[in-house]
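The data block below is input08.cif; it holds mmCIF, C-alpha atoms.
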```cif
data_protein
loop_
_atom_site.label_atom_id
_atom_site.label_comp_id
_atom_site.auth_asym_id
_atom_site.auth_seq_id
_atom_site.Cartn_x
_atom_site.Cartn_y
_atom_site.Cartn_z
CA MET H 68 -13.69 20.05 -4.03
CA LYS H 69 -13.50 18.26 -7.36
CA ILE H 70 -15.37 15.23 -8.67
CA ILE H 71 -13.67 12.82 -11.07
CA TYR H 72 -15.52 9.97 -12.76
CA HIS H 73 -13.22 7.43 -14.33
CA CYS H 74 -13.62 4.31 -16.43
CA TYR H 75 -11.58 2.28 -18.91
CA GLY H 76 -11.54 4.70 -21.82
CA GLY H 77 -13.21 7.74 -20.25
CA THR H 78 -15.79 7.86 -23.01
CA HIS H 79 -18.84 5.77 -22.00
CA SER H 80 -19.84 5.13 -18.38
CA SER H 81 -17.81 8.03 -16.96
CA VAL H 82 -19.33 10.39 -19.54
CA LEU H 83 -22.83 9.19 -18.66
CA ALA H 84 -22.19 9.61 -14.93
CA ALA H 85 -20.76 13.10 -15.44
CA ALA H 86 -23.67 14.04 -17.74
CA ILE H 87 -26.20 12.88 -15.15
CA HIS H 88 -24.37 14.65 -12.35
CA THR H 89 -24.14 17.95 -14.22
CA GLY H 90 -27.80 17.77 -15.22
CA ARG H 91 -27.30 17.15 -18.95
CA LEU H 92 -29.42 14.01 -18.76
CA ASP H 93 -32.83 13.60 -17.19
CA THR H 94 -32.65 10.87 -14.55
CA THR H 95 -36.36 10.06 -14.68
CA LYS H 96 -36.34 8.55 -18.16
CA ILE H 97 -33.95 6.49 -20.21
CA PRO H 98 -32.32 8.73 -22.85
CA SER H 99 -32.85 8.21 -26.56
CA THR H 100 -30.05 7.28 -28.96
CA ALA H 101 -29.85 10.89 -30.15
CA GLU H 102 -29.59 12.13 -26.57
CA PHE H 103 -26.71 9.74 -25.87
CA PHE H 104 -24.78 10.81 -28.95
CA SER H 105 -25.42 14.50 -28.33
CA LEU H 106 -23.35 14.23 -25.13
CA PRO H 107 -19.85 15.67 -25.42
CA PHE H 108 -17.11 13.00 -25.43
CA PHE H 109 -19.60 10.10 -25.65
CA ASP H 110 -17.93 7.34 -27.69
CA THR H 111 -15.47 9.79 -29.20
CA ARG H 112 -12.32 9.66 -27.09
CA SER H 113 -9.46 7.50 -28.28
CA SER H 114 -6.57 5.69 -26.62
CA SER H 115 -4.44 8.83 -26.95
CA ASP H 116 -6.78 10.50 -24.41
CA ILE H 117 -6.12 7.87 -21.73
CA GLY H 118 -4.85 9.50 -18.54
CA ILE H 119 -5.96 12.98 -19.56
CA ILE H 120 -8.52 14.58 -17.27
CA VAL H 121 -11.20 16.63 -19.00
CA GLN H 122 -13.66 18.95 -17.31
CA TYR H 123 -17.19 17.90 -18.19
CA GLY H 124 -19.09 20.63 -16.45
CA SER H 125 -19.79 22.18 -13.08
CA LEU H 126 -22.41 21.79 -10.42
CA GLN H 127 -24.56 24.67 -9.24
CA ASN H 128 -22.17 25.29 -6.35
CA ASN H 129 -19.25 25.59 -8.82
CA ILE H 130 -17.85 22.16 -8.03
CA PRO H 131 -16.22 20.97 -11.27
CA VAL H 132 -16.93 17.49 -12.62
CA PHE H 133 -14.22 15.71 -14.62
CA ILE H 134 -13.94 12.53 -16.65
CA LEU H 135 -10.91 10.30 -17.02
CA GLY H 136 -9.89 7.15 -18.86
CA ARG H 137 -7.35 4.95 -17.06
CA LYS H 138 -7.36 1.58 -18.90
CA GLY H 139 -7.78 -1.38 -16.54
CA TYR H 140 -5.94 0.26 -13.62
CA CYS H 141 -8.97 1.04 -11.43
CA THR H 142 -7.07 2.15 -8.34
CA ALA H 143 -4.27 4.07 -10.08
CA PRO H 144 -5.94 7.53 -10.18
CA SER H 145 -6.82 7.70 -6.49
CA LYS H 146 -3.44 6.34 -5.38
CA ILE H 147 -1.39 8.62 -7.60
CA PHE H 148 -3.51 11.66 -6.71
CA ASN H 149 -3.13 10.98 -2.98
CA TRP H 150 0.65 10.73 -3.33
CA LEU H 151 0.80 13.86 -5.44
CA ALA H 152 -1.31 15.75 -2.90
CA GLU H 153 1.39 14.89 -0.37
CA ILE H 154 4.26 15.79 -2.73
CA PHE H 155 2.79 19.15 -3.78
CA GLY H 156 1.06 19.92 -0.48
CA VAL H 157 -2.39 20.16 -2.07
CA LYS H 158 -5.11 20.35 0.56
CA GLU H 159 -8.10 20.38 -1.78
CA LYS H 160 -10.39 17.37 -1.49
CA TYR H 161 -11.80 15.42 -4.39
CA ILE H 162 -14.12 12.52 -4.91
CA ILE H 163 -12.83 9.93 -7.37
CA ILE H 164 -15.44 7.47 -8.58
CA ASP H 165 -14.85 4.33 -10.60
CA THR H 166 -17.84 3.90 -12.91
CA THR H 167 -16.83 0.49 -14.32
CA PRO H 168 -18.94 -1.54 -11.84
CA THR H 169 -21.99 -0.24 -13.74
CA LEU H 170 -20.76 -1.63 -17.07
CA ASN H 171 -22.45 -4.61 -18.67
CA TRP H 172 -21.19 -6.92 -21.40
CA GLN H 173 -22.97 -4.96 -24.11
CA MET H 174 -21.12 -1.74 -23.23
CA LYS H 175 -17.82 -3.58 -22.93
CA LEU H 176 -18.26 -5.28 -26.30
CA GLY H 177 -19.55 -2.11 -27.97
CA GLY H 178 -16.73 -0.04 -26.52
CA TYR H 179 -14.14 -2.56 -27.65
CA LEU H 180 -15.55 -2.69 -31.18
CA SER H 181 -16.00 1.06 -31.51
CA ARG H 182 -12.94 2.45 -29.71
CA ARG H 183 -10.33 -0.30 -29.91
CA LEU H 184 -11.09 -1.83 -33.29
CA GLY H 185 -12.55 1.28 -34.88
CA LEU H 186 -15.70 -0.60 -35.93
CA ILE H 187 -17.96 2.30 -34.99
CA ARG H 188 -21.08 1.25 -36.90
CA LEU H 189 -20.90 -2.22 -35.43
CA GLY H 190 -20.05 -1.14 -31.88
CA ARG H 191 -22.50 1.69 -31.36
CA PRO H 192 -25.72 -0.38 -31.31
CA PHE H 193 -24.19 -2.48 -28.52
CA ILE H 194 -23.12 0.65 -26.65
CA ILE H 195 -26.64 2.10 -26.79
CA TRP H 196 -28.20 -1.23 -25.79
CA GLY H 197 -25.79 -1.45 -22.85
CA ALA H 198 -26.09 2.21 -21.88
CA ARG H 199 -29.87 1.92 -21.69
CA ARG H 200 -29.61 -1.19 -19.52
CA ALA H 201 -26.95 0.35 -17.26
CA PHE H 202 -28.62 3.76 -17.02
CA LYS H 203 -30.39 3.12 -13.70
CA ASP H 204 -27.19 1.78 -12.13
CA ILE H 205 -25.29 4.86 -13.27
CA VAL H 206 -28.04 7.10 -11.86
CA ASN H 207 -27.75 5.26 -8.54
CA LEU H 208 -23.98 5.70 -8.58
CA VAL H 209 -24.40 9.43 -9.14
CA LEU H 210 -27.00 9.65 -6.36
CA ALA H 211 -24.54 7.93 -4.03
CA THR H 212 -21.89 10.50 -5.03
CA GLN H 213 -24.33 13.33 -4.39
CA ARG H 214 -24.99 11.90 -0.93
CA ARG H 215 -21.23 11.82 -0.30
CA LEU H 216 -21.05 15.48 -1.26
CA LEU H 217 -23.62 16.34 1.39
CA LEU H 218 -21.61 14.63 4.15
CA MET Y 10 12.07 21.92 -8.43
CA LYS Y 11 10.64 18.48 -7.74
CA LEU Y 12 12.01 15.44 -9.56
CA ILE Y 13 9.63 12.50 -9.67
CA TYR Y 14 11.09 9.16 -10.73
CA ILE Y 15 8.49 6.67 -11.89
CA HIS Y 16 8.65 2.95 -12.63
CA ARG Y 17 6.52 -0.16 -12.30
CA THR Y 18 8.84 -1.48 -9.58
CA PRO Y 19 10.87 -0.10 -6.63
CA LEU Y 20 13.59 0.60 -9.19
CA ALA Y 21 12.11 4.12 -9.18
CA ALA Y 22 13.21 4.49 -5.55
CA ILE Y 23 16.67 3.11 -6.32
CA ALA Y 24 17.11 5.69 -9.09
CA ALA Y 25 15.86 8.46 -6.79
CA LEU Y 26 18.09 7.39 -3.91
CA SER Y 27 21.13 7.18 -6.16
CA LYS Y 28 20.36 10.72 -7.37
CA THR Y 29 20.30 12.02 -3.79
CA LYS Y 30 23.29 9.85 -2.77
CA ASN Y 31 21.18 8.43 0.04
CA SER Y 32 21.60 4.86 1.18
CA ILE Y 33 19.52 2.20 -0.55
CA SER Y 34 18.70 0.89 2.93
CA LEU Y 35 16.06 3.67 3.13
CA LEU Y 36 14.06 1.60 0.68
CA GLU Y 37 14.14 -1.58 2.78
CA PRO Y 38 10.92 -0.95 4.77
CA TYR Y 39 9.02 -0.60 1.51
CA ILE Y 40 10.55 -3.19 -0.81
CA TYR Y 41 7.65 -5.58 -0.48
CA ARG Y 42 5.19 -2.90 -1.53
CA ARG Y 43 3.98 -3.25 -5.09
CA GLU Y 44 3.04 0.44 -5.07
CA HIS Y 45 4.34 3.24 -2.95
CA PHE Y 46 5.92 6.66 -3.00
CA LEU Y 47 9.08 7.73 -1.28
CA LYS Y 48 10.75 11.04 -0.61
CA ALA Y 49 14.37 10.31 -1.38
CA GLY Y 50 15.72 13.66 -0.17
CA ASN Y 51 17.45 16.50 -1.98
CA ASP Y 52 20.00 16.18 -4.77
CA ALA Y 53 23.21 18.20 -5.18
CA GLU Y 54 21.31 21.03 -6.94
CA GLY Y 55 18.79 21.28 -4.11
CA ASN Y 56 15.93 19.63 -6.00
CA GLU Y 57 13.46 17.55 -4.02
CA VAL Y 58 13.60 13.99 -5.33
CA TYR Y 59 10.69 11.59 -5.12
CA ALA Y 60 10.08 8.05 -6.31
CA LEU Y 61 6.72 6.68 -7.26
CA TRP Y 62 6.19 3.08 -8.22
CA LEU Y 63 2.96 1.48 -9.29
CA ASN Y 64 2.30 -1.56 -11.44
CA THR Y 65 0.60 0.34 -14.25
CA ASP Y 66 1.38 1.51 -17.74
CA MET Y 67 4.12 4.12 -17.23
CA LEU Y 68 2.62 6.42 -19.83
CA LEU Y 69 -0.62 6.40 -17.84
CA THR Y 70 1.27 7.25 -14.64
CA ARG Y 71 3.05 10.12 -16.40
CA ARG Y 72 -0.17 11.47 -17.87
CA LEU Y 73 -2.00 11.21 -14.54
CA ILE Y 74 0.78 13.19 -12.85
CA MET Y 75 0.64 15.85 -15.57
CA SER Y 76 -3.17 15.96 -15.48
CA TYR Y 77 -3.15 16.33 -11.72
CA CYS Y 78 -0.68 19.21 -11.91
CA GLU Y 79 -2.75 20.90 -14.60
CA LEU Y 80 -5.86 20.44 -12.48
CA HIS Y 81 -4.23 22.21 -9.55
CA ASN Y 82 -2.45 24.88 -11.62
CA ILE Y 83 0.97 23.52 -10.72
CA SER Y 84 3.41 25.01 -13.22
CA ASP Y 85 5.42 22.73 -15.53
CA ASP Y 86 8.53 24.54 -14.35
CA THR Y 87 8.18 23.25 -10.80
CA TYR Y 88 8.45 19.53 -11.48
CA ILE Y 89 10.04 16.99 -13.82
CA VAL Y 90 8.74 13.45 -14.27
CA LYS Y 91 11.45 10.95 -15.14
CA ASP Y 92 10.76 7.47 -16.46
CA VAL Y 93 13.32 5.09 -15.04
CA ARG Y 94 14.80 2.91 -17.77
CA PRO Y 95 17.10 0.05 -16.89
CA GLY Y 96 19.89 0.47 -19.42
CA ASN Y 97 22.03 -2.63 -18.98
CA PHE Y 98 21.63 -6.30 -18.18
CA ARG Y 99 22.32 -5.82 -14.47
CA THR Y 100 19.57 -3.25 -13.92
CA LYS Y 101 17.17 -5.12 -16.18
CA LEU Y 102 17.69 -8.22 -14.04
CA ILE Y 103 17.11 -6.25 -10.84
CA ALA Y 104 13.90 -4.75 -12.28
CA PHE Y 105 12.74 -8.20 -13.37
CA LEU Y 106 13.37 -9.64 -9.89
CA PHE Y 107 11.31 -6.83 -8.37
CA TYR Y 108 8.63 -7.48 -10.95
CA LEU Y 109 8.57 -11.18 -10.04
CA GLY Y 110 8.03 -10.25 -6.39
CA LEU Y 111 11.56 -11.19 -5.29
CA PRO Y 112 12.70 -7.88 -3.78
CA ARG Y 113 15.13 -9.42 -1.27
CA ILE Y 114 17.11 -11.08 -4.05
CA ALA Y 115 16.92 -7.87 -6.13
CA LEU Y 116 18.25 -5.84 -3.22
CA ALA Y 117 21.01 -8.36 -2.47
CA LEU Y 118 22.11 -8.21 -6.10
CA LEU Y 119 22.02 -4.43 -5.97
CA LYS Y 120 24.20 -4.39 -2.85
CA LEU Y 121 26.61 -6.82 -4.49
CA CYS Y 122 26.86 -4.48 -7.47
CA ALA Y 123 27.40 -1.54 -5.15
CA ASN Y 124 30.23 -3.34 -3.32
CA ARG Y 125 31.98 -4.18 -6.56
CA ASN Y 126 31.66 -0.76 -8.11
CA LEU Y 127 31.34 1.85 -5.40
CA ALA Y 128 31.61 4.83 -7.70
CA ASP Y 129 28.48 4.05 -9.71
CA PRO Y 130 26.54 0.97 -8.62
CA LEU Y 131 23.93 1.31 -11.34
CA PRO Y 132 25.52 2.77 -14.45
CA GLY Y 133 22.69 1.51 -16.60
CA LEU Y 134 19.92 3.26 -14.69
CA THR Y 135 18.79 6.41 -16.45
CA GLY Y 136 15.94 8.79 -15.89
CA ILE Y 137 14.30 10.04 -19.05
CA ASP Y 138 12.35 13.31 -18.97
#
```
Encoding of this model in structure tokens:
Amino acid sequence: MKIIYHCYGGTHSSVLAAAIHTGRLDTTKIPSTAEFFSLPFFDTRSSSDIGIIVQYGSLQNNIPVFILGRKGYCTAPSKIFNWLAEIFGVKEKYIIIDTTPTLNWQMKLGGYLSRRLGLIRLGRPFIIWGARRAFKDIVNLVLATQRRLLL
Amino acid sequence: MKLIYIHRTPLAAIAALSKTKNSISLLEPYIYRREHFLKAGNDAEGNEVYALWLNTDMLLTRRLIMSYCELHNISDDTYIVKDVRPGNFRTKLIAFLFYLGLPRIALALLKLCANRNLADPLPGLTGID
């Protein structure tokens, strides 16, 4: 079993979801700015990392958690992975979760400014504002994934 | 060895089927699909040939395939991903017709080309590693 969180650039909402799932972030309180930026890969990956899966950590039962950026093609990872499982005869199951429904306009704007335009100092305050606002939604998404794991 | 032809349109399947010398009619049940994968058969060297088409950035598709293989410890030596590139006007027109959602016309044009030049119906269609 593998868990893959994916979003547009694989550097904001998917990183937060993976960090929550692997226990790097406390779900009971909204993280501080320093806590957000101490997370590996948070607002650091560039367009050259799109499509590259990175392991973020593992759960206690050794289930690895990955992050992935896939531009605006939300359904591409699950479709391609299903076809490849058939081509290569891979039986292993994985849960692929799109984290973009949790995004808000602040995160989108901040991400665009910071990652696309390279205006990091301008984009980051928006990212933090958005990440704080979206934090509960991301926690709920992770809880839903954890419930799926139990099934 | 597995050869995987990728494109944004069913042109991937046409390239794969021409590699295996199988009839293009195998594609007919799937031509209306904007995204699909097809096992085209085996080529002359015994490689398994597949086609995968999906309306996404082709670089993303390639990277996702490579990431998936890395994730499952599938060796680079066991597969080759080939980007299908229409090389001449004829194949570019066929790809464009598929892209517009006119697969019947694209297929009719392809068959017309095949009837006129049986030896190599799509000389402009190349797979790039």
With a distance threshold of 7 Å and counting all atoms listed in the file, extract the residues of chain H near chain Y and express them as a VMD selection string. chain H and resid 117 to 120 137 140 144 148 150
State, in Å with one decimal place, the distance from CA of Pro38 in chain Y to CA of Ile23 in chain Y. 13.1 Å
Given the file shown, determine the residues that the PyMOL selection byres ((chain H and resi 109) around 12) selects; report them as a PDB file with C-alpha atoms, in the frame of the given file.
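What follows is the written file result.pdb:
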```
ATOM      1  CA  GLY H  76     -11.540   4.700 -21.820  1.00  0.00           C
ATOM      2  CA  GLY H  77     -13.210   7.740 -20.250  1.00  0.00           C
ATOM      3  CA  THR H  78     -15.790   7.860 -23.010  1.00  0.00           C
ATOM      4  CA  HIS H  79     -18.840   5.770 -22.000  1.00  0.00           C
ATOM      5  CA  SER H  80     -19.840   5.130 -18.380  1.00  0.00           C
ATOM      6  CA  SER H  81     -17.810   8.030 -16.960  1.00  0.00           C
ATOM      7  CA  VAL H  82     -19.330  10.390 -19.540  1.00  0.00           C
ATOM      8  CA  LEU H  83     -22.830   9.190 -18.660  1.00  0.00           C
ATOM      9  CA  ALA H  84     -22.190   9.610 -14.930  1.00  0.00           C
ATOM     10  CA  ALA H  85     -20.760  13.100 -15.440  1.00  0.00           C
ATOM     11  CA  ALA H  86     -23.670  14.040 -17.740  1.00  0.00           C
ATOM     12  CA  THR H 100     -30.050   7.280 -28.960  1.00  0.00           C
ATOM     13  CA  ALA H 101     -29.850  10.890 -30.150  1.00  0.00           C
ATOM     14  CA  GLU H 102     -29.590  12.130 -26.570  1.00  0.00           C
ATOM     15  CA  PHE H 103     -26.710   9.740 -25.870  1.00  0.00           C
ATOM     16  CA  PHE H 104     -24.780  10.810 -28.950  1.00  0.00           C
ATOM     17  CA  SER H 105     -25.420  14.500 -28.330  1.00  0.00           C
ATOM     18  CA  LEU H 106     -23.350  14.230 -25.130  1.00  0.00           C
ATOM     19  CA  PRO H 107     -19.850  15.670 -25.420  1.00  0.00           C
ATOM     20  CA  PHE H 108     -17.110  13.000 -25.430  1.00  0.00           C
ATOM     21  CA  ASP H 110     -17.930   7.340 -27.690  1.00  0.00           C
ATOM     22  CA  THR H 111     -15.470   9.790 -29.200  1.00  0.00           C
ATOM     23  CA  ARG H 112     -12.320   9.660 -27.090  1.00  0.00           C
ATOM     24  CA  SER H 113      -9.460   7.500 -28.280  1.00  0.00           C
ATOM     25  CA  TYR H 123     -17.190  17.900 -18.190  1.00  0.00           C
ATOM     26  CA  ILE H 134     -13.940  12.530 -16.650  1.00  0.00           C
ATOM     27  CA  GLY H 178     -16.730  -0.040 -26.520  1.00  0.00           C
ATOM     28  CA  SER H 181     -16.000   1.060 -31.510  1.00  0.00           C
ATOM     29  CA  ARG H 182     -12.940   2.450 -29.710  1.00  0.00           C
ATOM     30  CA  ARG H 191     -22.500   1.690 -31.360  1.00  0.00           C
ATOM     31  CA  ILE H 194     -23.120   0.650 -26.650  1.00  0.00           C
ATOM     32  CA  ILE H 195     -26.640   2.100 -26.790  1.00  0.00           C
ATOM     33  CA  ALA H 198     -26.090   2.210 -21.880  1.00  0.00           C
TER      34      ALA H 198
END
```
Written as a list in words, which residues does the PyMOL selection byres ((chain Y and resi 35) around 10) give for the file shown? Ala22, Ile23, Leu26, Asn31, Ser32, Ile33, Ser34, Leu36, Glu37, Pro38, Tyr39, Ile40, Leu47, Lys48 and Ala49 of chain Y
Quick one: apply the PyMOL selection byres ((chain H and resi 71-73) around 7) to the file and drop the selected residues here as a VMD selection string. chain H and resid 69 to 70 74 77 81 85 132 to 137 162 to 166
Neighbour list for Asn56 in chain Y as a ChimeraX atom specification, cut-off 9 Å, only C-alpha atoms, skip fewer than 6 positions in-chain: /Y:10-12,50
Between CA of Leu218 in chain H and CA of Tyr161 in chain H, what is the distance in Å, rounded to a tenth? 13.0 Å
Expressed in Å, the length from CA of Lys175 in chain H to CA of Tyr75 in chain H is 9.5 Å
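Among the candidates Y:Ala53, Y:Ala60, Y:Ile15, Y:Leu118, the residue lying nearest to Phe105 in chain Y is Y:Leu118 (atoms considered: all atoms listed in the file).
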